[in-house]
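Enquirer: Got a structure for you, target_33.tsv, holding TSV, C-alpha atoms and all ligand atoms.
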chain	number	residue	atom	x	y	z
A	1	MET	CA	51.32	61.14	-48.41
A	2	THR	CA	53.75	58.28	-48.94
A	3	LEU	CA	53.07	55.91	-51.81
A	4	TRP	CA	52.46	53.12	-49.34
A	5	ARG	CA	49.80	55.12	-47.46
A	6	ALA	CA	48.19	56.18	-50.72
A	7	LEU	CA	47.95	52.56	-51.81
A	8	ARG	CA	46.48	51.53	-48.47
A	9	LYS	CA	43.88	54.27	-48.70
A	10	ARG	CA	42.97	53.19	-52.22
A	11	ARG	CA	42.61	49.59	-51.13
A	12	ALA	CA	40.39	50.61	-48.22
A	13	LEU	CA	38.19	52.69	-50.54
A	14	HIS	CA	38.08	49.78	-52.93
A	15	SER	CA	36.77	47.30	-50.37
A	16	GLU	CA	34.28	49.90	-49.11
A	17	THR	CA	32.96	50.22	-52.66
A	18	ILE	CA	32.57	46.46	-52.90
A	19	MET	CA	30.68	46.33	-49.62
A	20	GLN	CA	28.25	48.95	-50.88
A	21	MET	CA	27.72	47.27	-54.21
A	22	PRO	CA	24.14	46.41	-55.03
A	23	LEU	CA	24.41	42.63	-55.19
A	24	ARG	CA	20.87	42.00	-56.25
A	25	PRO	CA	18.95	40.24	-59.01
A	26	ILE	CA	18.26	42.01	-62.29
A	27	GLN	CA	14.72	42.30	-63.63
A	28	ILE	CA	14.42	42.89	-67.37
A	29	ARG	CA	10.81	42.81	-68.52
A	30	ASN	CA	9.39	39.46	-67.40
A	31	LEU	CA	12.81	37.91	-66.83
A	32	ARG	CA	14.51	37.80	-63.44
A	33	LEU	CA	18.23	37.12	-63.44
A	34	ASN	CA	18.97	35.70	-60.03
A	35	PRO	CA	21.86	35.80	-59.44
A	36	PRO	CA	22.90	38.31	-62.12
A	37	LEU	CA	25.56	35.96	-63.50
A	38	LEU	CA	25.41	35.40	-67.24
A	39	MET	CA	27.00	32.83	-69.50
A	40	ALA	CA	28.98	34.50	-72.30
A	41	PRO	CA	28.02	33.36	-75.80
A	42	MET	CA	30.96	31.38	-77.21
A	43	ALA	CA	31.11	29.74	-80.63
A	44	GLY	CA	31.75	26.00	-80.39
A	45	LEU	CA	31.44	26.06	-76.59
A	46	THR	CA	28.07	27.27	-75.30
A	47	HIS	CA	25.89	24.43	-76.57
A	48	SER	CA	23.43	22.24	-74.72
A	49	ALA	CA	26.06	19.87	-73.23
A	50	PHE	CA	28.08	22.71	-71.70
A	51	ARG	CA	24.98	24.52	-70.49
A	52	GLN	CA	23.78	21.38	-68.71
A	53	ILE	CA	27.17	20.89	-67.05
A	54	CYS	CA	27.09	24.45	-65.66
A	55	LEU	CA	23.45	24.08	-64.59
A	56	GLY	CA	24.41	20.99	-62.62
A	57	PHE	CA	26.52	23.16	-60.30
A	58	GLY	CA	24.02	26.04	-60.22
A	59	GLY	CA	24.49	29.78	-59.94
A	60	VAL	CA	23.83	30.69	-63.59
A	61	GLY	CA	21.29	33.50	-63.93
A	62	LEU	CA	21.08	33.42	-67.73
A	63	LEU	CA	22.32	30.77	-70.15
A	64	SER	CA	23.33	31.53	-73.71
A	65	THR	CA	23.62	30.00	-77.14
A	66	GLU	CA	26.60	30.79	-79.30
A	67	MET	CA	26.18	33.45	-81.99
A	68	LEU	CA	23.59	32.36	-84.57
A	69	SER	CA	23.98	33.77	-88.04
A	70	THR	CA	20.69	35.24	-89.27
A	71	LYS	CA	21.61	33.99	-92.75
A	72	ARG	CA	21.89	30.37	-91.60
A	73	LEU	CA	19.23	30.32	-88.90
A	74	PRO	CA	16.25	29.69	-91.22
A	75	SER	CA	17.80	26.49	-92.60
A	76	GLU	CA	18.80	25.02	-89.20
A	77	ASN	CA	16.72	22.08	-88.00
A	78	PRO	CA	16.28	22.63	-84.24
A	79	THR	CA	16.06	18.90	-83.49
A	80	ILE	CA	19.50	18.11	-84.91
A	81	SER	CA	21.35	21.44	-85.20
A	82	PRO	CA	24.15	21.55	-82.59
A	83	TYR	CA	23.53	25.30	-82.38
A	84	LEU	CA	19.87	24.91	-81.48
A	85	ILE	CA	19.43	21.61	-79.65
A	86	ARG	CA	18.34	22.23	-76.09
A	87	THR	CA	16.61	20.47	-73.23
A	88	ALA	CA	13.67	21.78	-71.21
A	89	SER	CA	15.94	22.27	-68.20
A	90	GLU	CA	18.04	24.92	-69.98
A	91	LYS	CA	16.23	28.00	-68.79
A	92	PRO	CA	16.36	30.91	-68.94
A	93	LEU	CA	18.17	30.80	-72.26
A	94	SER	CA	19.24	33.81	-74.30
A	95	TYR	CA	19.75	33.36	-78.07
A	96	GLN	CA	22.44	35.51	-79.64
A	97	LEU	CA	21.99	36.77	-83.19
A	98	LEU	CA	24.86	37.57	-85.51
A	99	ILE	CA	23.08	40.10	-87.67
A	100	ALA	CA	24.07	42.79	-90.14
A	101	SER	CA	20.91	44.61	-91.14
A	102	ALA	CA	17.37	45.54	-90.15
A	103	GLU	CA	16.06	43.48	-93.08
A	104	ASP	CA	17.17	40.29	-91.31
A	105	VAL	CA	15.36	41.04	-88.07
A	106	ALA	CA	11.79	39.90	-88.73
A	107	GLN	CA	12.50	36.34	-89.86
A	108	SER	CA	15.05	35.71	-87.07
A	109	VAL	CA	12.83	37.07	-84.33
A	110	GLU	CA	9.96	34.94	-85.56
A	111	ILE	CA	12.17	31.82	-85.42
A	112	LEU	CA	13.45	32.65	-81.93
A	113	HIS	CA	9.88	33.10	-80.69
A	114	ARG	CA	9.05	29.65	-82.04
A	115	LEU	CA	12.14	28.17	-80.37
A	116	GLY	CA	11.06	29.53	-76.99
A	117	ALA	CA	13.87	32.04	-76.44
A	118	ASP	CA	13.77	33.77	-73.06
A	119	ALA	CA	15.83	36.72	-74.34
A	120	ILE	CA	17.39	37.89	-77.60
A	121	ASP	CA	20.92	39.23	-77.67
A	122	LEU	CA	22.47	41.15	-80.56
A	123	ASN	CA	26.16	40.53	-81.22
A	124	MET	CA	27.92	43.88	-81.65
A	125	GLY	CA	31.32	42.83	-80.38
A	126	CYS	CA	32.74	39.96	-82.45
A	127	PRO	CA	36.04	41.22	-83.93
A	128	ALA	CA	36.56	38.34	-86.41
A	129	PRO	CA	37.37	39.71	-89.89
A	130	THR	CA	35.15	37.06	-91.50
A	131	VAL	CA	32.21	38.43	-89.52
A	132	GLY	CA	33.17	42.07	-90.10
A	133	LYS	CA	33.25	41.49	-93.86
A	134	PHE	CA	29.48	41.03	-93.73
A	135	GLY	CA	29.01	44.16	-91.63
A	136	ALA	CA	28.19	42.18	-88.48
A	137	GLY	CA	29.75	41.91	-84.99
A	138	ALA	CA	32.04	44.73	-83.86
A	139	MET	CA	31.66	46.45	-87.26
A	140	LEU	CA	28.16	47.46	-86.17
A	141	MET	CA	29.60	49.98	-83.75
A	142	GLU	CA	30.90	51.85	-86.81
A	143	GLN	CA	27.41	52.05	-88.30
A	144	PRO	CA	25.14	53.57	-85.63
A	145	ALA	CA	22.42	54.61	-88.08
A	146	GLY	CA	21.99	51.04	-89.35
A	147	VAL	CA	22.06	49.70	-85.81
A	148	ARG	CA	19.38	52.17	-84.76
A	149	ARG	CA	17.08	50.85	-87.50
A	150	MET	CA	17.90	47.24	-86.57
A	151	VAL	CA	17.20	47.69	-82.87
A	152	ALA	CA	14.03	49.70	-83.52
A	153	GLU	CA	12.75	46.95	-85.80
A	154	ALA	CA	13.55	44.22	-83.27
A	155	ARG	CA	11.94	46.23	-80.47
A	156	LYS	CA	8.77	46.58	-82.54
A	157	LEU	CA	8.59	42.83	-83.15
A	158	THR	CA	9.33	41.29	-79.75
A	159	GLN	CA	8.23	41.68	-76.17
A	160	LEU	CA	11.14	39.50	-75.05
A	161	PRO	CA	14.07	41.09	-73.25
A	162	LEU	CA	16.28	42.50	-75.99
A	163	THR	CA	19.95	42.86	-75.11
A	164	ALA	CA	23.20	43.78	-76.84
A	165	LYS	CA	26.81	42.76	-76.32
A	166	ILE	CA	29.57	45.17	-77.28
A	167	ARG	CA	33.30	45.76	-76.94
A	168	LEU	CA	34.58	49.28	-76.15
A	169	GLY	CA	35.04	50.29	-79.79
A	170	THR	CA	37.95	50.54	-82.20
A	171	GLU	CA	39.71	53.15	-80.03
A	172	LEU	CA	39.15	54.90	-76.70
A	173	ASP	CA	36.61	57.50	-77.74
A	174	GLU	CA	34.21	58.27	-74.90
A	175	GLN	CA	31.90	60.52	-76.90
A	176	LYS	CA	31.44	57.91	-79.61
A	177	LEU	CA	30.92	55.12	-77.08
A	178	LYS	CA	28.47	57.18	-75.05
A	179	SER	CA	26.46	58.13	-78.07
A	180	PHE	CA	26.33	54.48	-79.25
A	181	CYS	CA	25.31	53.12	-75.84
A	182	THR	CA	22.64	55.75	-75.21
A	183	MET	CA	21.28	55.17	-78.73
A	184	LEU	CA	20.89	51.46	-77.88
A	185	GLN	CA	19.06	52.34	-74.69
A	186	ASP	CA	16.82	54.89	-76.41
A	187	GLU	CA	15.82	52.36	-79.07
A	188	GLY	CA	14.73	49.85	-76.44
A	189	ILE	CA	17.69	47.64	-75.53
A	190	ASP	CA	16.91	46.29	-72.05
A	191	MET	CA	20.41	45.36	-70.89
A	192	LEU	CA	23.94	45.87	-72.18
A	193	SER	CA	26.87	43.47	-71.77
A	194	VAL	CA	30.31	44.95	-72.23
A	195	HIS	CA	33.42	42.96	-73.04
A	196	ALA	CA	35.92	45.42	-71.60
A	197	ARG	CA	38.42	45.48	-74.44
A	198	LEU	CA	38.85	47.50	-77.62
A	199	THR	CA	37.94	45.74	-80.84
A	200	ARG	CA	41.45	44.67	-81.76
A	201	GLU	CA	42.76	43.98	-78.28
A	202	SER	CA	43.75	40.40	-77.60
A	203	PHE	CA	42.45	38.26	-74.75
A	204	ALA	CA	45.92	38.41	-73.22
A	205	ARG	CA	45.50	42.10	-72.40
A	206	ARG	CA	44.18	43.13	-69.01
A	207	PRO	CA	40.48	43.99	-69.42
A	208	ARG	CA	39.49	47.64	-68.99
A	209	TRP	CA	36.85	47.06	-66.29
A	210	GLU	CA	37.05	50.71	-65.22
A	211	SER	CA	35.68	51.77	-68.63
A	212	ILE	CA	32.47	49.94	-67.75
A	213	ALA	CA	32.07	52.30	-64.77
A	214	ARG	CA	31.81	55.17	-67.28
A	215	ILE	CA	29.14	53.35	-69.27
A	216	LYS	CA	27.23	52.73	-66.03
A	217	GLU	CA	27.18	56.50	-65.43
A	218	TRP	CA	25.55	57.10	-68.82
A	219	LEU	CA	22.81	54.45	-68.78
A	220	ARG	CA	19.67	53.58	-66.81
A	221	ILE	CA	19.49	49.98	-68.06
A	222	PRO	CA	21.50	47.22	-66.35
A	223	VAL	CA	25.12	46.97	-67.48
A	224	ILE	CA	26.94	43.63	-67.34
A	225	ALA	CA	30.73	43.39	-67.11
A	226	ASN	CA	32.56	40.78	-69.14
A	227	GLY	CA	36.18	39.82	-69.70
A	228	GLY	CA	38.90	38.18	-67.67
A	229	ILE	CA	36.91	36.73	-64.77
A	230	PHE	CA	38.53	33.42	-63.82
A	231	SER	CA	37.98	33.32	-60.05
A	232	VAL	CA	35.83	34.68	-57.23
A	233	GLN	CA	38.55	37.25	-56.57
A	234	ASP	CA	38.43	38.41	-60.21
A	235	ALA	CA	34.65	38.72	-59.90
A	236	ARG	CA	35.05	40.81	-56.76
A	237	ASP	CA	37.69	43.01	-58.39
A	238	CYS	CA	35.65	43.44	-61.54
A	239	LEU	CA	32.56	44.46	-59.59
A	240	GLY	CA	34.69	46.87	-57.57
A	241	ALA	CA	36.24	48.49	-60.63
A	242	SER	CA	33.15	48.57	-62.83
A	243	GLY	CA	30.20	48.90	-60.45
A	244	ALA	CA	28.40	46.65	-62.95
A	245	ASP	CA	24.94	45.27	-62.25
A	246	GLY	CA	26.06	41.74	-63.07
A	247	LEU	CA	28.85	39.65	-64.52
A	248	MET	CA	29.23	37.57	-67.65
A	249	LEU	CA	31.61	34.60	-67.56
A	250	GLY	CA	33.23	33.08	-70.63
A	251	ARG	CA	36.46	31.09	-70.66
A	252	GLY	CA	36.65	31.03	-66.87
A	253	ALA	CA	33.47	28.95	-66.81
A	254	VAL	CA	34.75	26.58	-69.48
A	255	ILE	CA	37.87	25.90	-67.45
A	256	ARG	CA	35.82	25.66	-64.25
A	257	PRO	CA	32.11	25.14	-64.96
A	258	TRP	CA	31.46	25.45	-61.22
A	259	LEU	CA	32.69	29.09	-61.23
A	260	PHE	CA	29.13	30.44	-61.48
A	261	ALA	CA	28.23	28.47	-58.36
A	262	GLU	CA	31.28	29.73	-56.45
A	263	ILE	CA	30.62	33.38	-57.32
A	264	ALA	CA	26.89	33.03	-56.69
A	265	HIS	CA	27.58	31.55	-53.29
A	266	ASP	CA	30.41	33.83	-52.18
A	267	LEU	CA	29.30	37.19	-53.62
A	268	TYR	CA	25.55	36.91	-54.06
A	269	GLY	CA	24.72	34.71	-51.07
A	270	THR	CA	22.86	32.22	-53.27
A	271	GLN	CA	21.86	29.19	-51.24
A	272	ILE	CA	23.51	26.41	-53.21
A	273	PRO	CA	25.67	23.56	-52.06
A	274	GLU	CA	29.40	24.16	-52.26
A	275	PRO	CA	30.54	22.57	-55.52
A	276	VAL	CA	32.06	19.13	-55.15
A	277	VAL	CA	34.23	18.62	-58.19
A	278	SER	CA	35.77	15.50	-59.67
A	279	LEU	CA	37.47	16.55	-62.88
A	280	PRO	CA	37.46	13.09	-64.52
A	281	GLU	CA	33.80	12.64	-63.63
A	282	LEU	CA	32.89	16.07	-65.00
A	283	TYR	CA	34.77	15.32	-68.21
A	284	GLY	CA	33.03	11.95	-68.52
A	285	ASN	CA	29.62	13.56	-68.00
A	286	PHE	CA	30.44	16.10	-70.69
A	287	ILE	CA	31.32	13.32	-73.16
A	288	ASP	CA	28.11	11.43	-72.29
A	289	LEU	CA	26.10	14.56	-72.97
A	290	LEU	CA	27.87	15.14	-76.31
A	291	ASN	CA	27.18	11.53	-77.30
A	292	GLY	CA	23.53	11.80	-76.29
A	293	LEU	CA	22.85	15.13	-77.97
A	294	PHE	CA	24.86	15.44	-81.15
A	295	ARG	CA	25.36	13.43	-84.29
A	296	PRO	CA	28.73	11.63	-84.36
A	297	GLU	CA	30.43	14.07	-86.73
A	298	ARG	CA	29.49	16.99	-84.46
A	299	ARG	CA	30.95	15.58	-81.24
A	300	LEU	CA	34.73	15.49	-81.61
A	301	GLY	CA	35.21	19.15	-82.56
A	302	ARG	CA	33.20	20.22	-79.54
A	303	LEU	CA	35.15	17.92	-77.25
A	304	LYS	CA	38.44	19.37	-78.53
A	305	GLU	CA	37.19	22.92	-78.06
A	306	PHE	CA	36.12	22.24	-74.48
A	307	THR	CA	39.31	20.34	-73.62
A	308	HIS	CA	41.46	23.24	-74.81
A	309	TYR	CA	40.19	25.21	-71.79
A	310	PHE	CA	39.30	22.45	-69.32
A	311	ALA	CA	42.85	21.01	-69.48
A	312	ARG	CA	44.11	24.16	-67.73
A	313	ASN	CA	42.93	22.64	-64.44
A	314	TYR	CA	46.01	20.40	-64.59
A	315	LYS	CA	49.65	21.32	-64.22
A	316	PHE	CA	50.44	19.18	-67.26
A	317	GLY	CA	47.11	19.91	-68.93
A	318	HIS	CA	48.79	20.72	-72.24
A	319	ARG	CA	49.41	16.96	-72.53
A	320	LEU	CA	45.71	16.20	-72.14
A	321	ALA	CA	44.86	18.94	-74.65
A	322	PHE	CA	47.42	17.64	-77.14
A	323	ARG	CA	46.25	14.01	-76.87
A	324	VAL	CA	42.63	14.96	-77.38
A	325	GLN	CA	43.46	17.40	-80.20
A	326	SER	CA	45.27	14.66	-82.08
A	327	SER	CA	42.51	12.04	-81.64
A	328	ASP	CA	40.50	10.89	-84.63
A	329	SER	CA	37.37	9.92	-82.73
A	330	VAL	CA	35.57	10.62	-79.47
A	331	ASP	CA	36.32	7.05	-78.36
A	332	GLU	CA	40.02	7.53	-78.92
A	333	ALA	CA	39.96	10.88	-77.09
A	334	THR	CA	38.03	9.30	-74.20
A	335	GLU	CA	40.60	6.51	-73.82
A	336	ARG	CA	43.52	8.92	-73.97
A	337	ALA	CA	41.87	11.21	-71.42
A	338	ALA	CA	41.28	8.23	-69.09
A	339	VAL	CA	45.00	7.38	-69.22
A	340	PHE	CA	45.86	11.01	-68.50
A	341	PHE	CA	43.48	11.17	-65.52
A	342	GLU	CA	44.91	7.93	-64.15
A	343	LYS	CA	48.42	9.41	-64.21
A	344	ASN	CA	47.39	12.85	-62.92
A	345	ARG	CA	45.23	12.15	-59.90
B	401	LIG	C1	36.07	30.44	-78.37
B	401	LIG	C2	35.31	31.73	-78.19
B	401	LIG	C3	34.14	31.95	-78.91
B	401	LIG	C4	33.43	33.14	-78.74
B	401	LIG	N1	32.24	33.31	-79.42
B	401	LIG	C5	31.50	34.41	-79.17
B	401	LIG	C6	30.18	34.52	-79.72
B	401	LIG	O1	29.67	33.61	-80.38
B	401	LIG	N2	29.50	35.68	-79.48
B	401	LIG	C7	30.03	36.70	-78.70
B	401	LIG	O2	29.37	37.72	-78.50
B	401	LIG	N3	31.25	36.58	-78.15
B	401	LIG	C8	31.97	35.46	-78.34
B	401	LIG	N4	33.16	35.31	-77.70
B	401	LIG	C9	33.59	36.33	-76.73
B	401	LIG	C10	33.06	35.96	-75.31
B	401	LIG	O3	31.67	36.01	-75.25
B	401	LIG	C11	33.63	36.91	-74.25
B	401	LIG	O4	33.24	38.21	-74.56
B	401	LIG	C12	35.17	36.84	-74.18
B	401	LIG	O5	35.62	35.52	-74.18
B	401	LIG	C13	35.69	37.57	-72.93
B	401	LIG	O6	35.17	36.97	-71.77
B	401	LIG	P1	36.02	35.92	-70.88
B	401	LIG	O7	37.32	36.60	-70.55
B	401	LIG	O8	35.15	35.67	-69.67
B	401	LIG	O9	36.24	34.71	-71.72
B	401	LIG	C14	33.90	34.14	-77.85
B	401	LIG	C15	35.08	33.91	-77.14
B	401	LIG	C16	35.77	32.72	-77.29
B	401	LIG	C17	37.02	32.50	-76.48
For the structure just supplied, provide its representation as structure tokens.
Expert:
Amino acid sequence: MTLWRALRKRRALHSETIMQMPLRPIQIRNLRLNPPLLMAPMAGLTHSAFRQICLGFGGVGLLSTEMLSTKRLPSENPTISPYLIRTASEKPLSYQLLIASAEDVAQSVEILHRLGADAIDLNMGCPAPTVGKFGAGAMLMEQPAGVRRMVAEARKLTQLPLTAKIRLGTELDEQKLKSFCTMLQDEGIDMLSVHARLTRESFARRPRWESIARIKEWLRIPVIANGGIFSVQDARDCLGASGADGLMLGRGAVIRPWLFAEIAHDLYGTQIPEPVVSLPELYGNFIDLLNGLFRPERRLGRLKEFTHYFARNYKFGHRLAFRVQSSDSVDEATERAAVFFEKNR
């Protein structure tokens, strides 16, 4: 067979696979994820203002907090903490714990019950050395015995959906990965999200969506694919390569907060209006939300973080990002952004 014919055959098989994919909601315990599109937890980004912006477009099956350190959680005041502030509309909302040991489970779970969490996610994928130093994040995949105790303890203490988010491990080792994932399932994890990269792989690398297909073969619980989804076509390709039960969107949704709505509409047939987007208006709404929700000293950093990604909607977006990065106040950033929008209609 010529290479060309082989490629054509592969492409045909590929689209057949997509057509047969089970595009349906996920039910985990009492929680229905419809559509099965999840917000990725992202430090400095997935706070109440961003969640509300995404909700405005629709299509998000499960919202998320950023990672919450179990050491700091007890001293956070939920009415003023930028990590915990939320509105009643932000549902269902998963809270992600950055946790290192079974001893920290009880207090954190009790707090999350009080806060009205709809699901609890355990961070087992963060590669940051500062996090690893405390034995949390991706380091957990190197300590399966400790993780088993942690998950068992959490399972004993909550009836909420309990989920975990992992990367693929420090190296490609299928036996190790399989044994870790099945251990999570056996101890009562209800759903697993997989960022399809090895621990030390950078975001610039192509995600290994096909590795998620292997994990799907091993598990009965729903598996969510994460990494590198920036468009409806990426979502389609990722589902085709991974056979995942749902998708988790991170940076793609920060650049384009209407991406959930587009994917929900195009791939899951969700009945929502086609997103009508005005970038300056969206940006203005985001600033209004920051101003309404957070104390002044908490606003600017979050605006800069968001702008870093959002600016990619513009050909000369690096200029917007630079002007906001170098602003000393939200007011200054707002004025500079207005000038940019005026010149880049
Ligand atoms: C700024 C930033 C902060 C992040 N913070 C977290 C976090 O708090 N918890 C977590 O599990 N992953 C975190 N991640 C990883 C994302 O959840 C996600 O796995 C990763 O960005 C790949 O998905 P994407 O290509 O859709 O962005 C973060 C990523 C970014 C870019």
Enquirer: For a cutoff of 10 Å around the file-coordinate point (23.7, 45.4, -61.4), which residues qualify once you count only C-alpha atoms? I'd like the result as a list in words.
Expert: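 In the file's frame, the residues around the point are Met21, Pro22, Leu23, Arg24, Pro25, Ile26, Gln27, Pro35, Pro36, Leu37, Lys216, Ile221, Pro222, Val223, Ile224, Ala225, Leu239, Gly243, Ala244, Asp245, Gly246 and Leu247 of chain A.
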Enquirer: Residues within 8 Å of ligand LIG 401 (chain B) (all atoms listed in the file), as an NGL selection string?
Expert: :A and (40-45 or 65-68 or 96 or 98 or 122-126 or 137 or 165-167 or 194-196 or 203 or 226-230 or 248-253 or 305)
Enquirer: Hey, could you make a per-residue contact list for region 248-300 of chain A against region 328-336 of chain A with 9 Å as the cut-off, showing the nearest pair of atoms and its distance in Å to one decimal, counting only C-alpha atoms, sorted by chain and number, as a tab-separated table?
Expert:
residue	atom	partner	partner_atom	distance
A:Gly284	CA	A:Thr334	CA	8.0
A:Ile287	CA	A:Thr334	CA	7.9
A:Asn291	CA	A:Val330	CA	8.7
A:Pro296	CA	A:Val330	CA	8.5
A:Arg299	CA	A:Val330	CA	7.0
A:Leu300	CA	A:Val330	CA	5.4
Enquirer: With a distance cut-off of 8 Å and all atoms listed in the file, select the neighbouring residues of region 139-149 of chain A, excluding the residue or stretch itself and same-chain residues fewer than 3 positions from it, and output the selection as a ChimeraX atom specification.
Expert: /A:100-102,124-125,127,132,135-136,152-153,169,180,183-184,187
Enquirer: Which polymer residues, protein or nucleic acid, are no farther than 10 Å from (15.0, 29.6, -86.4), counting all atoms listed in the file, as JSON, numbers by chain?
Expert: {"A": [68, 70, 72, 73, 74, 75, 76, 77, 78, 84, 107, 108, 109, 110, 111, 112, 113, 114, 115]}
Enquirer: When you draw a straight line from CA of Asp190 (chain A) to CA of Pro161 (chain A), how long is it in Å?
Expert: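 One can read the CA of Asp190 (chain A) to CA of Pro161 (chain A) distance as 6.0 Å.
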Enquirer: Work out how far CA of Glu262 (chain A) is from CA of Val232 (chain A), in Å to one decimal.
Expert: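 CA of Glu262 (chain A) lies at a distance of 6.8 Å from CA of Val232 (chain A).
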Enquirer: Skip Ile120 (chain A) itself and residues of its chain fewer than 4 positions away, then list as a list in words all residues within 7 Å of it, counting only C-alpha atoms.
Expert: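 Once the nearby chain positions are removed, what remains is Ser94, Tyr95, Gln96, Leu160, Pro161, Leu162 and Thr163 of chain A.
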Enquirer: Which of these, A:Phe340, A:Gly240, A:Phe306, A:Leu267, has the shortest distance to Pro280 (chain A) once you count only C-alpha atoms?
Expert: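 Closest candidate: A:Phe340.
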Enquirer: Between A:Arg208, A:Lys315, A:Arg256, A:Arg220, which is the closest to Leu192 (chain A) once you count all atoms listed in the file?
Expert: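 Between A:Arg208, A:Lys315, A:Arg256, A:Arg220, the residue approaching Leu192 (chain A) most closely is A:Arg220.
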Enquirer: Please identify all polymer residues within 9 Å of Pro273 (chain A), counting all atoms listed in the file, omitting same-chain residues fewer than 5 positions from it, and present them as a PDB file with C-alpha atoms, keeping the file's coordinate frame.
Expert:
ATOM      1  CA  PHE A  57      26.520  23.160 -60.300  1.00  0.00           C
ATOM      2  CA  GLY A  58      24.020  26.040 -60.220  1.00  0.00           C
ATOM      3  CA  ALA A 261      28.230  28.470 -58.360  1.00  0.00           C
ATOM      4  CA  HIS A 265      27.580  31.550 -53.290  1.00  0.00           C
TER       5      HIS A 265
END
